[in-house]
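Asker: Below is a structure I'd like to ask you about.
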Amino acid sequence: MSTTTVEKAAPARPDGGGTTVKRPVRRRGELSLPARLTSHGVLTVASLIALFPVAWLVFLSLGPDKDDYLHPGRIWGKMTLDNYAFVLEHTAFFHWLKSSLIVSLGTTVIGVLVAATTGYAVSRMRFPGYKKFMWVLLVTQMFPVAVLMVPMYQLLSELQLIDTYLGLILVYCTTAVPYCAWLMKGYFDTIPFEIDEAGRVDGLTPFGTFARLILPLAKPGLAVAAFYSFITAFGEVAFATTFMLDDEKYTLAVGLQSFISEHDAQRNLMAATAVLIAIPVSGFFYLVQKNLVTGLTAGGTKG
Amino acid sequence: MTVAIDRATGKSRGDRAPRPGPVTRLRRSFAKHWYAYAMIAPVVVVLGVIVLYPLAYGFYLTLTDADSLNSARTIGVNKIEATYKFVGLDNYAEILWGETAYDRFWSHFIWTIVWTAACVTLHYGIGLGLALLLNQKLRGRTLYRLILILPWAVPTFVTVFGWRFMLADTGIINSGLGSLGLPTPPWLEDPFWQRFAAIMVNTWCGVPFMMVSLLGGLQSIDSTLYEAAEMDGANAWQRFRNVTLPGLRSVSSTVVLLGIIWTFNQFAIIFLLFGTTAPDAQILVTWAYYLGFGQQPREFAESAAYGMLLLAILVVFTSFYRRWLNRNEQQLAI
């Protein structure tokens with residue numbers, strides 16, 4: 001990427017001959033024409049690259065035969081929504097959707113409820129063991145799936161929780177809980193401490209301060225944490241693939257894989273399912289996208 | 001009454017009274033901090049039960065020769081007891097310097113490092129470039145921004161399949177390259193191109209996060225700094241070098257760390273792109289999964305040992321990273 005894109009200074013052009021006025025003056029932050037064209041050019045190309053794979057998937061989902069992806073030209077002539085109708089009527093799509101929603105929402109609710117007070121405590125209080133605790137929270141987030149998968153598999157089979165929603169929710173909480181605590185700490189940090197102090201002066205206990213003053217202010221932060229846990233659980237592949245055995249309990253991430261087996265690859269149906277999954281999730285994503293990184297950058301930008 | 005917020009009052013560690021005895025200290029500390037402990041208790045309990053206990057159990061498993069043939073299991077109505085035995089550190093020794101250690105561990109290790117470095121560099125470089133472009137006064141930049149975060153908005157497990165269709169032997173990418181008279185690499189079959197494709201797809205998926213975070217960082221840089229730099233006659237490059245980059249340091253160090261951890265642990269992309277057909281393109285995480293769950297018999301102990309090694313690598317790396325940041329007087333935002 002070029003580095004010429006930082007706002008260009010208005011260069012003093014040496015062409016201003018005798019005539020004094022009327023030369024358009026570029027203000028700070030306005031770009032010269034070539035710079036503007038370059039920017040638009042690069043951004044357009046980048047947008048196309050970002051857009052194309054998704055658009056291509058949508059396009060392929062309209063082709064009725066499973067080998068149409070090899071001959072995209074033929075799809076133009078016979079576009080149809082049959083794939084969608086078939087997926088909705090004859091596959092376990094709604095079962096998968098139900099599983100995904102149960103597991104993701106369960107994880108989200110537990111994650112946010114459990115982590116909220118902790119996020120507040122680590123944002124406002126310094127207690128012995130604080131650093132160690134933060135370190136544990138950080139380390140837990142970087143667990144590779146391989147670390148907990150084997151022991152979780154063994155423990156859950158002993159508890160007969162393999163192939164149950166509860167088992168998967170428990171597994172997802174291992175990452176969702178510390179992650180939510182981190183995110184919420186970031187958000188609580190942005191709420192002025194004076195509010196707490198005012199509450200304390202007026203006689204609230206620390207818990208009262210949290211519940212009555214801070215929590216209502218922190219709703220956007222809670223929403224972001226909830227959204228993140230939801231998305232993470234929704235898109236998780238490894239545990240869901242291994243722990244869910246019954247094809248009616250598959251989450252969408254597993255169900256989508258089941259279209260391609262060794263014997264048969266129903267790519268047209270797969271594309272249609274992929275689009276059906278993508279539309280609501282992306283729609284939701286766009287609704288909250290403005291707030292997504294505040295949790296990350298809010299703490300950081302204050303230096 | 002104790003003060004709830006000892007952070008705001010900015011008490012430093014130095015001006016404390018001499019330390020009393022341990023019991024008194026414990027009691028006082030508890031009296032002062034009990035509400036903090038009460039507030040973190042839920043997380044401590046949950047993590048203890050669902051993270052630490054499995055972790056300890058997993059570590060115990062790595063010291064045994066457990067696989068799917070000798071673990072406790074139920075077949076029909078018969079319950080078979082576990083028969084695996086304790087083997088000490090043999091698993092680790094076997095992985096790190098056994099006979100097939102290079103093929104089984106070190107080759108994947110090297111590829112994982114290359115993969116992480118390449119992906120994070122590309123994520124950060126492209127993300128920063130796009131963020132800088134979007135941070136200008138430009139018509140339609142909101143639209144660009146919305147389009148550019150699309151790869152983040154659509155779940156990875158969906159887009160990877162889109163890429164699989166495109167990268168297939170006669171998919172759109174190869175048809176396109178072919179009609180331009182360019183070579184058409186076997187993306188999903190040849191080891192080199194598999195790796196290339198994996199990096200490409202992951203870059204595509206990961207850039208938006210970097211872009212949005214860095215854009216947030218850019219927008220929080222005080223614009224008067226740019227004015228001052230301009231007054232002092234700094235050119236565009238100097239302003240980038242001396243205002244923009246330092247302004248982004250804190251955000252950068254955080255997102256780079258996150259990027260490294262996520263990429264190192266990236267499971268979905270490689271797993272969904274190749275399944276178990278590409279032994280050479282497996283990074284350590286997917287390889288550990290393959291050992292434990294992708295083959296028969298399932299090598300539980302070995303897979304868990306890989307997991308422990310991975311975790312150790314990450315923890316060591318993060319410690320050094322933090323120490324390095326501290327030495328440069330930076331802090332992580334997370």
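By order in the structure tokens, chains are A, B, ...; within a chain, residues start at 1; ligands start at 1, following the order shown.
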Quick one: residues within 6 Å of stretch 117-129 of chain A, only C-alpha atoms counted, chain neighbours fewer than 2 positions away excluded, as number ranges by chain?

Answerer: A: 115, 131-132, 181, 184-185, 189; B: 5-6, 36, 39-40

Asker: Store the residues picked out above, limited to N, CA and C atoms, as an mmCIF file, in the first residue's frame.

Answerer:
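As written to disk, part-v4.cif reads:
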```
data_model
loop_
_atom_site.group_PDB
_atom_site.id
_atom_site.type_symbol
_atom_site.label_atom_id
_atom_site.label_comp_id
_atom_site.auth_asym_id
_atom_site.auth_seq_id
_atom_site.Cartn_x
_atom_site.Cartn_y
_atom_site.Cartn_z
ATOM 1 N N ALA A 115 -19.521 -12.791 33.285
ATOM 2 C CA ALA A 115 -18.346 -11.940 33.158
ATOM 3 C C ALA A 115 -18.578 -10.491 33.560
ATOM 4 N N LYS A 131 -2.783 -8.898 38.786
ATOM 5 C CA LYS A 131 -2.001 -9.143 37.569
ATOM 6 C C LYS A 131 -2.081 -10.603 37.147
ATOM 7 N N LYS A 132 -2.013 -11.474 38.133
ATOM 8 C CA LYS A 132 -2.083 -12.906 37.803
ATOM 9 C C LYS A 132 -3.425 -13.235 37.180
ATOM 10 N N ALA A 181 -15.111 -10.903 29.671
ATOM 11 C CA ALA A 181 -14.545 -10.126 30.776
ATOM 12 C C ALA A 181 -13.575 -9.072 30.240
ATOM 13 N N MET A 184 -15.520 -6.277 28.369
ATOM 14 C CA MET A 184 -16.278 -5.388 29.252
ATOM 15 C C MET A 184 -15.349 -4.524 30.072
ATOM 16 N N LYS A 185 -14.211 -5.071 30.456
ATOM 17 C CA LYS A 185 -13.233 -4.230 31.150
ATOM 18 C C LYS A 185 -12.907 -3.026 30.271
ATOM 19 N N ASP A 189 -13.751 0.763 31.427
ATOM 20 C CA ASP A 189 -12.663 1.734 31.552
ATOM 21 C C ASP A 189 -13.028 3.088 30.954
ATOM 22 N N ILE B 5 -12.700 2.641 44.508
ATOM 23 C CA ILE B 5 -11.871 2.742 43.317
ATOM 24 C C ILE B 5 -10.486 3.160 43.733
ATOM 25 N N ASP B 6 -9.608 2.204 43.904
ATOM 26 C CA ASP B 6 -8.288 2.650 44.289
ATOM 27 C C ASP B 6 -7.451 3.015 43.090
ATOM 28 N N ALA B 36 -14.031 -7.087 45.772
ATOM 29 C CA ALA B 36 -13.397 -7.370 44.488
ATOM 30 C C ALA B 36 -13.377 -8.876 44.234
ATOM 31 N N MET B 39 -16.677 -10.168 43.322
ATOM 32 C CA MET B 39 -17.088 -9.858 41.954
ATOM 33 C C MET B 39 -16.392 -10.729 40.928
ATOM 34 N N ILE B 40 -15.143 -11.111 41.200
ATOM 35 C CA ILE B 40 -14.500 -11.958 40.202
ATOM 36 C C ILE B 40 -14.776 -13.445 40.459
#
```

Asker: Taking 2 positions as the minimum chain separation for residues in the same chain, which residues sit within 8 Å of B:Leu55 when counting only C-alpha atoms? Answer as a PDB file with C-alpha atoms, in the first residue's frame.

Answerer:
```pdb
ATOM      1  CA  VAL A 147      -5.527 -28.080  24.124  1.00  0.00           C
ATOM      2  CA  LEU A 148      -8.952 -28.668  25.544  1.00  0.00           C
ATOM      3  CA  PRO A 151      -9.751 -33.756  27.760  1.00  0.00           C
TER       4      PRO A 151
ATOM      5  CA  VAL B  51     -10.799 -24.697  31.961  1.00  0.00           C
ATOM      6  CA  LEU B  52      -8.328 -25.535  34.685  1.00  0.00           C
ATOM      7  CA  TYR B  53      -9.715 -28.926  35.558  1.00  0.00           C
ATOM      8  CA  TYR B  57      -6.726 -33.693  33.142  1.00  0.00           C
ATOM      9  CA  GLY B  58      -5.403 -33.107  29.625  1.00  0.00           C
ATOM     10  CA  PHE B  59      -1.910 -32.752  30.971  1.00  0.00           C
TER      11      PHE B  59
END
```

Asker: Enumerate the residues of stretch 109-178 of chain B with a DSSP assignment of helix (DSSP H, G or I), computed from the backbone, and present them as a PyMOL selection string.

Answerer: chain B and resi 109-134+141-148+150-153+156-167+172-178

Asker: When you look at stretch 155-167 of chain B with a cut-off of 6 Å (counting only C-alpha atoms), what residues show up, excluding the ones that are within fewer than 4 positions of it in the same chain? I need them as a PDB file with C-alpha atoms, in the first residue's frame.

Answerer:
```
ATOM      1  CA  PRO A  53     -16.120 -14.433  -3.379  1.00  0.00           C
ATOM      2  CA  LEU A  57     -21.321 -17.798  -3.942  1.00  0.00           C
ATOM      3  CA  GLY A 235     -18.957 -19.738  13.607  1.00  0.00           C
ATOM      4  CA  ALA A 274     -24.360 -20.778   2.696  1.00  0.00           C
TER       5      ALA A 274
ATOM      6  CA  GLY B 171     -13.222 -23.055 -10.907  1.00  0.00           C
ATOM      7  CA  ILE B 172     -13.457 -19.405 -11.796  1.00  0.00           C
ATOM      8  CA  ILE B 173      -9.922 -18.484 -10.764  1.00  0.00           C
TER       9      ILE B 173
END
```

Asker: Calculated over only C-alpha atoms, which of the candidates A:Leu105, A:Ile191, A:Val177, A:Leu138 has the smallest distance to A:Pro220?

Answerer: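 Selected residue with least distance to A:Pro220: A:Ile191.
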
Asker: Within 12 Å of B:Leu96, counting only C-alpha atoms, which residues qualify if same-chain residues fewer than 4 places away don't, as a JSON list (two decimals) with N, CA and C atoms, in the first residue's frame?

Answerer:
```json
[["chain", "number", "residue", "atom", "x", "y", "z"],
["B", 89, "LEU", "N", 7.10, -38.81, 30.31],
["B", 89, "LEU", "CA", 7.24, -37.76, 29.29],
["B", 89, "LEU", "C", 7.51, -38.33, 27.89],
["B", 90, "ASP", "N", 7.31, -39.63, 27.73],
["B", 90, "ASP", "CA", 7.61, -40.26, 26.44],
["B", 90, "ASP", "C", 6.96, -39.58, 25.25],
["B", 91, "ASN", "N", 5.70, -39.17, 25.43],
["B", 91, "ASN", "CA", 5.01, -38.55, 24.30],
["B", 91, "ASN", "C", 5.73, -37.31, 23.81],
["B", 92, "TYR", "N", 6.15, -36.48, 24.78],
["B", 92, "TYR", "CA", 6.84, -35.24, 24.39],
["B", 92, "TYR", "C", 8.16, -35.56, 23.71],
["B", 100, "THR", "N", 10.59, -39.88, 13.74],
["B", 100, "THR", "CA", 9.87, -39.19, 12.69],
["B", 100, "THR", "C", 9.54, -37.76, 13.11],
["B", 101, "ALA", "N", 10.34, -37.24, 14.04],
["B", 101, "ALA", "CA", 9.99, -35.94, 14.60],
["B", 101, "ALA", "C", 9.94, -34.86, 13.53],
["B", 102, "TYR", "N", 10.87, -34.92, 12.55],
["B", 102, "TYR", "CA", 10.84, -33.85, 11.56],
["B", 102, "TYR", "C", 9.54, -33.86, 10.77],
["B", 103, "ASP", "N", 9.18, -35.01, 10.24],
["B", 103, "ASP", "CA", 7.98, -35.08, 9.40],
["B", 103, "ASP", "C", 6.72, -34.79, 10.19],
["B", 104, "ARG", "N", 6.73, -35.25, 11.43],
["B", 104, "ARG", "CA", 5.48, -35.15, 12.16],
["B", 104, "ARG", "C", 5.35, -33.84, 12.92],
["B", 105, "PHE", "N", 6.44, -33.30, 13.43],
["B", 105, "PHE", "CA", 6.30, -32.07, 14.21],
["B", 105, "PHE", "C", 7.01, -30.89, 13.56],
["B", 106, "TRP", "N", 8.32, -31.02, 13.31],
["B", 106, "TRP", "CA", 9.08, -29.82, 12.96],
["B", 106, "TRP", "C", 8.67, -29.24, 11.62],
["B", 107, "SER", "N", 8.34, -30.08, 10.66],
["B", 107, "SER", "CA", 7.92, -29.51, 9.37],
["B", 107, "SER", "C", 6.64, -28.68, 9.55],
["B", 108, "HIS", "N", 5.72, -29.21, 10.38],
["B", 108, "HIS", "CA", 4.50, -28.44, 10.64],
["B", 108, "HIS", "C", 4.80, -27.18, 11.46],
["B", 109, "PHE", "N", 5.76, -27.32, 12.35],
["B", 109, "PHE", "CA", 6.14, -26.18, 13.18],
["B", 109, "PHE", "C", 6.65, -25.03, 12.30],
["B", 302, "GLU", "N", -1.25, -38.20, 22.19],
["B", 302, "GLU", "CA", -0.35, -37.42, 21.35],
["B", 302, "GLU", "C", -0.98, -36.08, 20.99],
["B", 305, "ALA", "N", -0.76, -33.81, 23.80],
["B", 305, "ALA", "CA", 0.61, -33.32, 23.98],
["B", 305, "ALA", "C", 0.91, -32.20, 22.99],
["B", 306, "TYR", "N", 0.44, -32.34, 21.77],
["B", 306, "TYR", "CA", 0.58, -31.25, 20.81],
["B", 306, "TYR", "C", -0.08, -29.98, 21.35],
["B", 309, "LEU", "N", 2.05, -28.36, 23.90],
["B", 309, "LEU", "CA", 3.20, -27.70, 23.29],
["B", 309, "LEU", "C", 2.79, -26.39, 22.64]]
```

Asker: Determine the nearest neighbour of chain B from the options A:Leu256, A:Val224, A:Leu88, A:Leu168, counting only C-alpha atoms.

Answerer: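 Ranked by minimum distance to chain B, first place goes to A:Leu256.
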
Asker: Quick one: pull the distance between atom CA of B:Arg323 and atom CA of B:Ala118, Å, one decimal.

Answerer: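 These two atoms are separated by 23.3 Å.
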
Asker: Just want the 10 Å neighbourhood of B:Thr112, counted on only C-alpha atoms, with same-chain residues fewer than 5 positions away dropped. Output as a list of chain:residue names.

Answerer: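 In the requested format, the answer is B:Trp106, B:Ser107, B:Ala117, B:Ala118, B:Thr263, B:Phe264, B:Asn265, B:Ala281, B:Gln282, B:Ile283, B:Leu284, B:Val285.
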
Asker: So how many Å separate atom CA of A:Thr174 and atom CA of A:Ser229, to one decimal?

Answerer: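 Going from atom CA of A:Thr174 over to atom CA of A:Ser229, I get 11.0 Å.
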